[in-house]
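**Q** One file is attached below, entry15.txt, containing compact mmCIF, C-alpha atoms.
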# COMPACT_ATOMS: atom_id res chain seq x y z
CA MET U 30 66.86 -44.88 -68.68
CA SER U 31 66.57 -47.85 -66.35
CA ALA U 32 63.13 -46.74 -65.10
CA PHE U 33 61.66 -46.84 -68.62
CA LEU U 34 63.15 -50.30 -69.22
CA GLU U 35 61.63 -51.53 -65.96
CA HIS U 36 58.21 -50.39 -67.15
CA LEU U 37 58.70 -52.19 -70.47
CA ASN U 38 59.51 -55.61 -69.05
CA PRO U 39 55.95 -56.49 -67.89
CA LEU U 40 54.57 -55.57 -71.34
CA TYR U 41 56.32 -58.47 -73.06
CA ASN U 42 54.43 -61.74 -72.56
CA SER U 43 54.64 -63.55 -75.91
CA GLU U 44 56.08 -66.99 -76.55
CA ASP U 45 56.21 -66.40 -80.30
CA SER U 46 59.77 -67.12 -81.48
CA PHE U 47 59.71 -64.24 -83.97
CA LYS U 48 58.72 -61.71 -81.29
CA LEU U 49 61.10 -63.29 -78.79
CA LYS U 50 64.03 -62.75 -81.15
CA ALA U 51 63.07 -59.08 -81.57
CA TRP U 52 62.69 -58.67 -77.80
CA ASN U 53 66.10 -60.22 -77.11
CA LEU U 54 67.74 -58.01 -79.73
CA PHE U 55 66.08 -54.94 -78.20
CA GLN U 56 67.31 -55.92 -74.75
CA LYS U 57 70.81 -56.35 -76.15
CA LYS U 58 70.82 -52.97 -77.90
CA GLY U 59 69.08 -51.03 -75.14
CA ILE U 60 67.49 -47.61 -75.51
CA PRO U 61 68.83 -45.94 -78.68
CA SER U 62 70.63 -42.62 -78.82
CA TYR U 63 69.04 -40.37 -81.43
CA PRO U 64 70.73 -37.12 -82.48
CA TYR U 65 68.83 -33.99 -81.38
CA LEU U 66 66.20 -36.05 -79.50
CA PRO U 67 66.76 -36.23 -75.71
CA LEU U 68 65.31 -39.62 -74.81
CA GLY U 69 66.42 -39.24 -71.20
CA GLN U 70 63.02 -37.72 -70.45
CA LEU U 71 61.45 -41.14 -71.09
CA ASN U 72 62.59 -42.06 -67.59
CA SER U 73 59.76 -39.97 -66.20
CA PHE U 74 57.17 -41.67 -68.43
CA LYS U 75 55.52 -44.81 -67.08
CA ILE U 76 54.47 -46.83 -70.12
CA THR U 77 51.50 -49.16 -69.75
CA ALA U 78 50.12 -52.03 -71.84
CA PRO U 79 47.84 -51.17 -74.81
CA LYS U 80 44.10 -51.55 -74.43
CA SER U 81 41.55 -52.31 -77.17
CA GLU U 82 38.38 -50.50 -76.12
CA LEU U 83 36.18 -48.85 -78.74
CA PRO U 84 37.09 -45.28 -79.58
CA HIS U 85 34.86 -42.30 -79.00
CA PRO U 86 33.46 -40.51 -80.95
CA ALA U 87 32.27 -42.74 -83.81
CA ILE U 88 34.80 -43.91 -86.38
CA ASN U 89 35.12 -41.93 -89.59
CA SER U 90 33.54 -43.99 -92.38
CA ASP U 91 36.06 -42.62 -94.88
CA TYR U 92 38.48 -45.34 -93.74
CA ASP U 93 38.37 -48.94 -94.99
CA LEU U 94 40.57 -50.77 -92.48
CA ILE U 95 40.33 -49.86 -88.79
CA PHE U 96 42.97 -50.53 -86.16
CA ILE U 97 42.55 -49.54 -82.50
CA ASN U 98 45.72 -49.25 -80.46
CA GLY U 99 47.49 -51.32 -83.12
CA LYS U 100 44.90 -54.14 -83.09
CA PHE U 101 42.94 -54.82 -86.30
CA ARG U 102 39.15 -54.58 -85.96
CA LYS U 103 37.63 -56.69 -88.71
CA ASP U 104 34.14 -56.02 -87.34
CA LEU U 105 34.58 -52.28 -88.00
CA SER U 106 36.39 -52.58 -91.34
CA SER U 107 35.25 -52.90 -94.94
CA PRO U 108 35.97 -56.13 -96.83
CA LEU U 109 38.85 -56.13 -99.32
CA LYS U 110 38.67 -57.41 -102.88
CA SER U 111 38.69 -61.20 -103.09
CA ASP U 112 42.22 -61.39 -104.52
CA ILE U 113 43.75 -59.22 -101.75
CA VAL U 114 45.04 -60.99 -98.65
CA LEU U 115 45.04 -59.47 -95.15
CA ILE U 116 45.86 -61.97 -92.40
CA PRO U 117 47.85 -62.05 -89.15
CA LEU U 118 51.57 -62.37 -89.75
CA SER U 119 51.60 -65.57 -87.68
CA GLU U 120 49.23 -67.17 -90.23
CA ALA U 121 51.21 -65.77 -93.16
CA LEU U 122 54.34 -67.47 -91.85
CA ILE U 123 52.50 -70.76 -92.38
CA ASP U 124 50.65 -70.04 -95.63
CA TYR U 125 53.49 -68.15 -97.32
CA SER U 126 56.46 -69.64 -95.52
CA ALA U 127 58.32 -70.43 -98.77
CA PHE U 128 59.37 -66.80 -99.27
CA LEU U 129 58.25 -65.02 -96.11
CA LYS U 130 60.22 -66.79 -93.40
CA THR U 131 63.64 -66.13 -94.93
CA TYR U 132 62.70 -62.53 -95.65
CA LEU U 133 61.56 -61.89 -92.08
CA GLU U 134 64.67 -63.51 -90.64
CA LYS U 135 66.79 -61.19 -92.75
CA GLN U 136 64.78 -58.19 -91.53
CA SER U 137 65.37 -59.06 -87.89
CA THR U 138 69.08 -59.53 -88.46
CA GLU U 139 69.53 -56.29 -90.41
CA GLU U 140 67.33 -54.03 -88.25
CA LYS U 141 69.55 -51.58 -86.38
CA ASP U 142 66.98 -49.48 -84.56
CA ALA U 143 66.12 -50.73 -81.07
CA PHE U 144 62.67 -49.11 -81.05
CA ALA U 145 61.78 -50.78 -84.36
CA LEU U 146 62.67 -54.12 -82.75
CA LEU U 147 60.64 -53.15 -79.68
CA THR U 148 57.63 -52.45 -81.91
CA THR U 149 57.80 -55.97 -83.36
CA ALA U 150 58.15 -57.48 -79.89
CA LEU U 151 55.24 -55.60 -78.29
CA THR U 152 52.74 -55.55 -81.15
CA LYS U 153 49.89 -57.82 -80.05
CA GLU U 154 49.18 -59.00 -83.59
CA SER U 155 51.22 -58.02 -86.65
CA PHE U 156 49.47 -58.18 -90.03
CA PHE U 157 50.42 -59.22 -93.55
CA LEU U 158 48.90 -57.46 -96.58
CA TYR U 159 49.48 -59.13 -99.94
CA ILE U 160 48.63 -57.67 -103.36
CA PRO U 161 49.01 -60.46 -105.98
CA PRO U 162 50.78 -59.97 -109.34
CA LYS U 163 49.09 -57.43 -111.65
CA SER U 164 46.42 -56.65 -109.04
CA PHE U 165 45.44 -53.18 -107.82
CA LEU U 166 44.58 -52.03 -104.30
CA LYS U 167 43.35 -48.65 -103.15
CA THR U 168 42.63 -48.45 -99.44
CA ARG U 169 42.64 -46.10 -96.43
CA ILE U 170 43.90 -47.45 -93.10
CA VAL U 171 43.56 -45.72 -89.74
CA ASN U 172 45.02 -46.59 -86.35
CA ILE U 173 43.06 -44.84 -83.60
CA GLN U 174 44.89 -44.55 -80.32
CA THR U 175 42.66 -44.53 -77.25
CA SER U 176 45.14 -46.16 -74.86
CA GLU U 177 48.28 -44.90 -73.14
CA SER U 178 50.37 -47.01 -75.51
CA SER U 179 49.97 -48.35 -79.04
CA PHE U 180 52.23 -50.67 -81.05
CA GLY U 181 51.56 -51.75 -84.63
CA ARG U 182 53.33 -53.64 -87.39
CA LEU U 183 52.15 -54.09 -90.98
CA ASP U 184 54.03 -56.05 -93.67
CA ILE U 185 52.95 -55.12 -97.20
CA PHE U 186 53.96 -57.30 -100.15
CA LEU U 187 53.32 -56.32 -103.77
CA GLY U 188 53.69 -59.05 -106.37
CA PRO U 189 55.22 -58.46 -109.83
CA ALA U 190 53.53 -55.56 -111.69
CA ALA U 191 51.09 -55.04 -108.79
CA GLU U 192 49.90 -51.54 -107.90
CA ALA U 193 48.75 -50.05 -104.61
CA GLU U 194 47.59 -46.66 -103.35
CA ILE U 195 47.54 -46.83 -99.56
CA THR U 196 46.75 -44.10 -97.04
CA LEU U 197 47.91 -44.64 -93.45
CA LYS U 198 46.73 -42.44 -90.61
CA HIS U 199 47.59 -42.41 -86.92
CA TYR U 200 45.09 -40.46 -84.85
CA THR U 201 45.52 -39.95 -81.11
CA GLN U 202 42.41 -39.15 -79.08
CA LEU U 203 44.15 -38.91 -75.72
CA LYS U 204 45.03 -35.67 -73.97
CA GLU U 205 47.13 -37.51 -71.39
CA PRO U 206 50.79 -38.50 -71.95
CA SER U 207 51.03 -41.49 -74.30
CA PHE U 208 53.44 -43.59 -76.36
CA SER U 209 53.08 -45.00 -79.88
CA SER U 210 55.31 -46.86 -82.30
CA GLU U 211 54.36 -48.06 -85.79
CA LEU U 212 56.42 -50.18 -88.16
CA VAL U 213 55.69 -50.76 -91.85
CA TYR U 214 57.69 -53.19 -93.98
CA LEU U 215 57.14 -52.76 -97.69
CA HIS U 216 58.34 -55.28 -100.30
CA LEU U 217 58.02 -54.44 -104.00
CA GLU U 218 58.59 -57.20 -106.54
CA LYS U 219 59.64 -56.57 -110.14
CA GLY U 220 57.67 -53.76 -111.77
CA ALA U 221 55.47 -53.12 -108.71
CA THR U 222 54.29 -49.59 -107.90
CA CYS U 223 53.22 -48.28 -104.49
CA ARG U 224 51.96 -44.85 -103.47
CA LEU U 225 52.01 -44.64 -99.68
CA GLN U 226 50.45 -41.53 -98.11
CA LYS U 227 50.74 -41.02 -94.35
CA ILE U 228 49.00 -38.63 -91.96
CA ASP U 229 50.12 -38.34 -88.32
CA GLN U 230 47.87 -36.51 -85.85
CA HIS U 231 49.55 -36.88 -82.49
CA SER U 232 48.93 -35.07 -79.24
CA ASN U 233 51.30 -32.54 -77.70
CA LYS U 234 51.91 -34.97 -74.81
CA GLN U 235 52.85 -37.96 -76.93
CA TRP U 236 56.02 -39.90 -77.63
CA ALA U 237 55.51 -41.00 -81.26
CA PHE U 238 57.80 -43.16 -83.39
CA SER U 239 57.20 -44.44 -86.92
CA PHE U 240 59.36 -46.63 -89.14
CA LEU U 241 59.17 -47.43 -92.85
CA ARG U 242 61.43 -50.13 -94.27
CA ALA U 243 61.16 -50.71 -98.02
CA PHE U 244 62.87 -53.23 -100.30
CA GLN U 245 62.57 -52.65 -104.05
CA LYS U 246 63.30 -55.01 -106.89
CA THR U 247 63.90 -54.32 -110.61
CA GLY U 248 61.79 -51.54 -112.09
CA SER U 249 59.69 -50.99 -108.95
CA VAL U 250 58.51 -47.51 -107.92
CA LEU U 251 57.82 -46.18 -104.43
CA ASN U 252 56.25 -42.79 -103.82
CA THR U 253 55.70 -41.98 -100.15
CA VAL U 254 54.83 -38.75 -98.36
CA LEU U 255 54.12 -37.78 -94.75
CA ALA U 256 52.20 -34.86 -93.25
CA THR U 257 52.52 -34.30 -89.50
CA SER U 258 52.05 -31.72 -86.78
CA GLY U 259 54.71 -33.39 -84.65
CA ALA U 260 54.23 -34.34 -81.00
CA PHE U 261 55.87 -33.83 -77.62
CA PHE U 262 58.59 -35.98 -79.17
CA SER U 263 58.08 -37.53 -82.61
CA ARG U 264 60.47 -39.27 -84.94
CA SER U 265 59.93 -40.65 -88.46
CA ASP U 266 62.53 -43.08 -89.81
CA PHE U 267 62.64 -44.07 -93.51
CA ILE U 268 64.95 -46.66 -95.05
CA THR U 269 64.55 -47.92 -98.60
CA THR U 270 66.83 -50.30 -100.47
CA LEU U 271 66.91 -50.04 -104.26
CA ALA U 272 68.10 -53.57 -104.93
CA GLY U 273 67.00 -53.99 -108.54
CA GLU U 274 68.05 -52.15 -111.69
CA GLY U 275 65.81 -49.23 -112.60
CA ALA U 276 64.09 -49.06 -109.18
CA LYS U 277 62.88 -45.59 -108.13
CA ALA U 278 62.00 -44.05 -104.75
CA TYR U 279 60.46 -40.67 -104.01
CA ILE U 280 60.30 -39.83 -100.30
CA GLY U 281 58.81 -36.60 -98.96
CA GLY U 282 57.38 -35.00 -95.86
CA ALA U 283 55.85 -31.74 -94.65
CA SER U 284 55.56 -30.66 -90.99
CA ARG U 285 53.88 -27.77 -89.20
CA LEU U 286 55.19 -27.58 -85.63
CA LYS U 287 53.70 -25.32 -82.96
CA ASP U 288 54.05 -24.71 -79.21
CA PHE U 289 56.68 -27.11 -77.77
CA ASN U 290 56.14 -29.84 -80.37
CA GLN U 291 59.04 -31.63 -81.98
CA GLY U 292 59.38 -33.45 -85.30
CA HIS U 293 62.53 -35.40 -86.19
CA THR U 294 63.17 -37.15 -89.49
CA GLN U 295 65.83 -39.63 -90.56
CA VAL U 296 66.13 -41.00 -94.10
CA LEU U 297 68.48 -43.53 -95.67
CA VAL U 298 68.25 -44.45 -99.34
CA ARG U 299 70.51 -47.32 -100.37
CA HIS U 300 71.32 -47.58 -104.09
CA LEU U 301 72.61 -51.11 -104.69
CA ALA U 302 71.88 -51.57 -108.40
CA PRO U 303 72.56 -49.66 -111.66
CA ASN U 304 70.24 -47.00 -113.11
CA THR U 305 68.33 -46.42 -109.88
CA GLU U 306 66.78 -43.09 -108.96
CA SER U 307 65.76 -41.41 -105.71
CA GLN U 308 64.44 -38.07 -104.51
CA GLN U 309 64.09 -36.79 -100.96
CA LEU U 310 62.14 -33.60 -100.26
CA PHE U 311 61.27 -32.47 -96.72
CA LYS U 312 59.87 -29.13 -95.55
CA THR U 313 59.12 -27.90 -92.04
CA ILE U 314 57.37 -24.81 -90.68
CA LEU U 315 58.30 -24.04 -87.06
CA GLU U 316 56.53 -21.70 -84.65
CA ASP U 317 56.80 -20.82 -80.95
CA VAL U 318 59.42 -23.05 -79.21
CA SER U 319 59.15 -26.01 -81.58
CA ARG U 320 62.13 -28.05 -82.71
CA SER U 321 62.94 -30.19 -85.75
CA SER U 322 65.81 -32.13 -87.26
CA PHE U 323 66.51 -33.79 -90.58
CA ILE U 324 69.22 -36.39 -91.12
CA GLY U 325 69.25 -37.65 -94.69
CA GLU U 326 71.71 -40.04 -96.27
CA ILE U 327 72.22 -41.26 -99.82
CA TYR U 328 74.34 -44.40 -100.10
CA VAL U 329 75.57 -45.48 -103.54
CA ALA U 330 77.29 -48.86 -103.74
CA LYS U 331 80.11 -49.44 -106.24
CA GLU U 332 77.79 -51.59 -108.39
CA ALA U 333 75.16 -48.82 -108.63
CA LEU U 334 76.42 -47.15 -111.81
CA LYS U 335 74.37 -44.32 -113.35
CA THR U 336 72.55 -43.63 -110.10
CA ASN U 337 70.54 -40.40 -110.01
CA ALA U 338 69.91 -39.20 -106.45
CA PHE U 339 68.68 -35.88 -105.06
CA GLN U 340 68.01 -34.65 -101.53
CA LEU U 341 66.62 -31.34 -100.24
CA SER U 342 65.55 -30.16 -96.79
CA LYS U 343 64.00 -26.75 -96.10
CA SER U 344 62.90 -25.22 -92.81
CA LEU U 345 61.02 -21.98 -92.27
CA LEU U 346 61.33 -20.39 -88.80
CA LEU U 347 58.43 -18.18 -87.67
CA SER U 348 59.87 -17.62 -84.19
CA GLU U 349 63.26 -16.66 -82.79
CA LYS U 350 62.92 -19.49 -80.26
CA ALA U 351 62.24 -22.23 -82.82
CA ILE U 352 65.20 -24.47 -83.69
CA SER U 353 65.86 -26.58 -86.78
CA TYR U 354 68.82 -28.89 -87.42
CA SER U 355 69.77 -30.37 -90.79
CA ARG U 356 72.47 -32.90 -91.66
CA PRO U 357 72.52 -34.13 -95.28
CA GLN U 358 75.02 -36.87 -96.13
CA LEU U 359 76.36 -38.59 -99.23
CA GLN U 360 78.30 -41.86 -99.41
CA ILE U 361 79.26 -42.60 -103.01
CA PHE U 362 81.39 -45.57 -104.01
CA ALA U 363 80.50 -45.71 -107.73
CA ASP U 364 81.59 -43.73 -110.77
CA ASP U 365 79.27 -42.17 -113.33
CA VAL U 366 76.54 -41.06 -110.89
CA LYS U 367 74.51 -37.92 -110.31
CA ALA U 368 74.01 -37.13 -106.62
CA SER U 369 73.33 -33.84 -104.89
CA HIS U 370 71.91 -32.49 -101.67
CA GLY U 371 70.79 -29.15 -100.30
CA SER U 372 69.60 -27.69 -97.02
CA THR U 373 68.18 -24.30 -96.05
CA VAL U 374 66.97 -22.82 -92.77
CA GLY U 375 65.54 -19.32 -92.85
CA GLN U 376 62.69 -16.94 -92.15
CA ILE U 377 59.90 -15.45 -94.26
CA ASP U 378 61.25 -13.10 -96.91
CA GLU U 379 60.29 -9.61 -95.68
CA GLU U 380 60.43 -8.15 -99.19
CA MET U 381 58.00 -10.79 -100.44
CA LEU U 382 55.72 -10.14 -97.46
CA PHE U 383 55.82 -6.37 -98.13
CA TYR U 384 55.09 -6.88 -101.83
CA ILE U 385 51.97 -8.96 -101.13
CA GLN U 386 50.75 -6.48 -98.51
CA SER U 387 51.23 -3.64 -101.00
CA ARG U 388 48.45 -5.27 -103.04
CA GLY U 389 45.95 -4.58 -100.25
CA ILE U 390 46.31 -7.93 -98.50
CA SER U 391 46.60 -8.08 -94.69
CA LYS U 392 49.83 -9.26 -93.09
CA ALA U 393 48.12 -12.37 -91.68
CA ASP U 394 46.70 -13.34 -95.09
CA ALA U 395 50.00 -12.56 -96.82
CA THR U 396 51.85 -14.80 -94.34
CA SER U 397 49.31 -17.57 -94.88
CA MET U 398 49.79 -17.32 -98.65
CA ILE U 399 53.57 -17.63 -98.31
CA LEU U 400 53.29 -20.64 -96.01
CA SER U 401 50.81 -22.36 -98.33
CA SER U 402 53.15 -21.79 -101.25
CA PHE U 403 56.05 -23.21 -99.22
CA VAL U 404 54.41 -26.64 -98.84
CA GLU U 405 52.30 -26.68 -102.02
CA ASP U 406 54.66 -28.94 -103.96
CA LEU U 407 54.53 -31.58 -101.22
CA LEU U 408 50.75 -31.33 -100.93
CA SER U 409 50.60 -32.25 -104.61
CA TRP U 410 52.17 -35.60 -103.67
CA PHE U 411 48.88 -36.49 -101.93
CA LYS U 412 46.88 -37.78 -104.88
CA THR U 413 43.77 -38.80 -102.92
CA PRO U 414 41.53 -35.70 -102.41
CA LEU U 415 40.41 -36.73 -98.91
CA THR U 416 44.00 -37.28 -97.80
CA ARG U 417 45.18 -34.04 -99.40
CA ASN U 418 42.46 -32.19 -97.50
CA GLU U 419 43.57 -33.78 -94.21
CA ALA U 420 47.19 -32.89 -94.94
CA SER U 421 46.20 -29.30 -95.75
CA LYS U 422 44.45 -28.94 -92.37
CA ILE U 423 47.54 -30.19 -90.53
CA LEU U 424 49.83 -27.81 -92.39
CA ALA U 425 47.49 -24.79 -92.28
Represent the supplied structure as structure tokens.
**A**
Amino acid sequence: MSAFLEHLNPLYNSEDSFKLKAWNLFQKKGIPSYPYLPLGQLNSFKITAPKSELPHPAINSDYDLIFINGKFRKDLSSPLKSDIVLIPLSEALIDYSAFLKTYLEKQSTEEKDAFALLTTALTKESFFLYIPPKSFLKTRIVNIQTSESSFGRLDIFLGPAAEAEITLKHYTQLKEPSFSSELVYLHLEKGATCRLQKIDQHSNKQWAFSFLRAFQKTGSVLNTVLATSGAFFSRSDFITTLAGEGAKAYIGGASRLKDFNQGHTQVLVRHLAPNTESQQLFKTILEDVSRSSFIGEIYVAKEALKTNAFQLSKSLLLSEKAISYSRPQLQIFADDVKASHGSTVGQIDEEMLFYIQSRGISKADATSMILSSFVEDLLSWFKTPLTRNEASKILA
């Protein structure tokens, strides 16, 4: 992996102390070792610095906030409501230093993933999105990748009783080999509610990494869902901490993998307070020589009495050469909790397929109906019609 590290060194040129700390921690940790994902092949990939040229073709006007290769383009974006704040993280550290500086220091110290630290270090300009108490934000954000590499970091803070419905999309226009890494930190104050919908459209020659880190206070609710077609190598990493009593988190994802694409998912839900609730639901359809993995963990601290936690992973194999791994895990240190997990890997039910065909429906249409039914419950998590339509196209 030394060749990949040598290519990374020239990319770091910031004197920002926050980025420097992340860079030093990354250097100390080195390239991570992910289960089921052979990162050794990164040695043959020469990563280059992100560029910020305009994309082609024209940008879809359905999106409010436009990022290109991780860099925010205010000139191409729609203005936000007057009470919503979107500023560079460097400015936020000055304007909101009273609560932000300590929080960010804690993030850096607790972050275990080397590539998440690398994302912070190499993002040209991280951004801070603040939704004040009792305010509401509905927005669609797209990051268009036109360069061989793209790094982006967005910190989202919801004040007490604030609400947000946010769509995030990563769209890669390149056909050449590329690298991307996106990091979202989400902080929910007391009674805040956030619906975070994510669409990933990567290329089949891309290394793609995404990270979501959420911290939830009393009575807050997070509902997040991902639709993806995978990539040459793609990995989605979710960690949420239910730190306040009554906090709830619902985390889901649906993948349709074809050709040689891979899609790997890792989830950790940490229950640290009483009466918290979580649900994990992930489904994957695999064709050709595609590969997937799911590693999901539920952690219940001894103080988290009356926790209710559920986890389910399902994979449907449409080819004998497709491979799916699943590793659900429970760590429970409290009494009086409800926690369960399940995992299935199988093929299309031939009896069901025969039954549908017996009604005069072709095999291709019958198969399509079964696959649509398989992911329908997760598609219902996409509440915005435009986003649901995009997710449907990826999973079709």
**Q** Which polymer residues, whether protein, DNA or RNA, lie within 12 Å of the coordinate (74.4, -42.7, -104.6) when you count all atoms listed in the file? List them as a ChimeraX atom specification, using the chain letters and numbers from the file.
**A** /U:270-271,297-308,326-340,358-370
**Q** Which residues, written as an mmCIF file with C-alpha atoms, keeping the file's coordinate frame, have at least one atom at most 9 Å from Lys246 of chain U, with all atoms listed in the file counted and residues fewer than 5 positions away on the same chain left out?
**A**
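Saved as selection-v1.cif:
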data_model
loop_
_atom_site.group_PDB
_atom_site.id
_atom_site.type_symbol
_atom_site.label_atom_id
_atom_site.label_comp_id
_atom_site.auth_asym_id
_atom_site.auth_seq_id
_atom_site.Cartn_x
_atom_site.Cartn_y
_atom_site.Cartn_z
ATOM 1 C CA HIS U 216 58.340 -55.280 -100.300
ATOM 2 C CA LEU U 217 58.020 -54.440 -104.000
ATOM 3 C CA GLU U 218 58.590 -57.200 -106.540
ATOM 4 C CA LYS U 219 59.640 -56.570 -110.140
ATOM 5 C CA GLY U 220 57.670 -53.760 -111.770
ATOM 6 C CA ALA U 221 55.470 -53.120 -108.710
ATOM 7 C CA THR U 270 66.830 -50.300 -100.470
ATOM 8 C CA LEU U 271 66.910 -50.040 -104.260
ATOM 9 C CA ALA U 272 68.100 -53.570 -104.930
ATOM 10 C CA GLY U 273 67.000 -53.990 -108.540
ATOM 11 C CA GLU U 274 68.050 -52.150 -111.690
ATOM 12 C CA GLY U 275 65.810 -49.230 -112.600
ATOM 13 C CA ALA U 276 64.090 -49.060 -109.180
#
**Q** Tell me, counting all atoms listed in the file, for each residue of segment 188-224 of chain U within 7 Å of segment 172-184 of chain U, which pair of atoms is nearest and how far apart they are in Å to one decimal, in rows ordered by chain and increasing number, as a Markdown table.
**A**
| residue | atom | partner | partner_atom | distance |
| --- | --- | --- | --- | --- |
| U:Lys198 | CA | U:Asn172 | CA | 6.2 |
| U:His199 | CA | U:Asn172 | CA | 4.9 |
| U:Tyr200 | CA | U:Ile173 | CA | 5.0 |
| U:Thr201 | CA | U:Gln174 | CA | 4.7 |
| U:Gln202 | CA | U:Thr175 | CA | 5.7 |
| U:Leu203 | CA | U:Thr175 | CA | 6.0 |
| U:Pro206 | CA | U:Glu177 | CA | 7.0 |
| U:Ser207 | CA | U:Glu177 | CA | 4.5 |
| U:Phe208 | CA | U:Ser178 | CA | 4.7 |
| U:Ser209 | CA | U:Ser179 | CA | 4.6 |
| U:Ser210 | CA | U:Phe180 | CA | 5.1 |
| U:Glu211 | CA | U:Gly181 | CA | 4.8 |
| U:Leu212 | CA | U:Arg182 | CA | 4.7 |
| U:Val213 | CA | U:Leu183 | CA | 4.9 |
| U:Tyr214 | CA | U:Asp184 | CA | 4.7 |
| U:Leu215 | CA | U:Asp184 | CA | 6.1 |
**Q** Please measure the separation of atom CA of Pro79 of chain U and atom CA of Lys103 of chain U, giving the value in Å to one decimal.
**A**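 We find that atom CA of Pro79 of chain U and atom CA of Lys103 of chain U lie 18.1 Å from each other.
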**Q** So, counting only C-alpha atoms, which residue among U:Phe144, U:Phe311, U:Trp52, U:Phe156 is closest to Lys100 of chain U?
**A**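 Residue with the minimum atom-to-atom distance to Lys100 of chain U: U:Phe156.
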**Q** Given all atoms listed in the file as the basis, pick out the residue of U:Phe262, U:Leu187, U:Asn290, U:Lys343 nearest to Gln245 of chain U.
**A**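 Going through U:Phe262, U:Leu187, U:Asn290, U:Lys343 one by one, the smallest distance to Gln245 of chain U is for U:Leu187.
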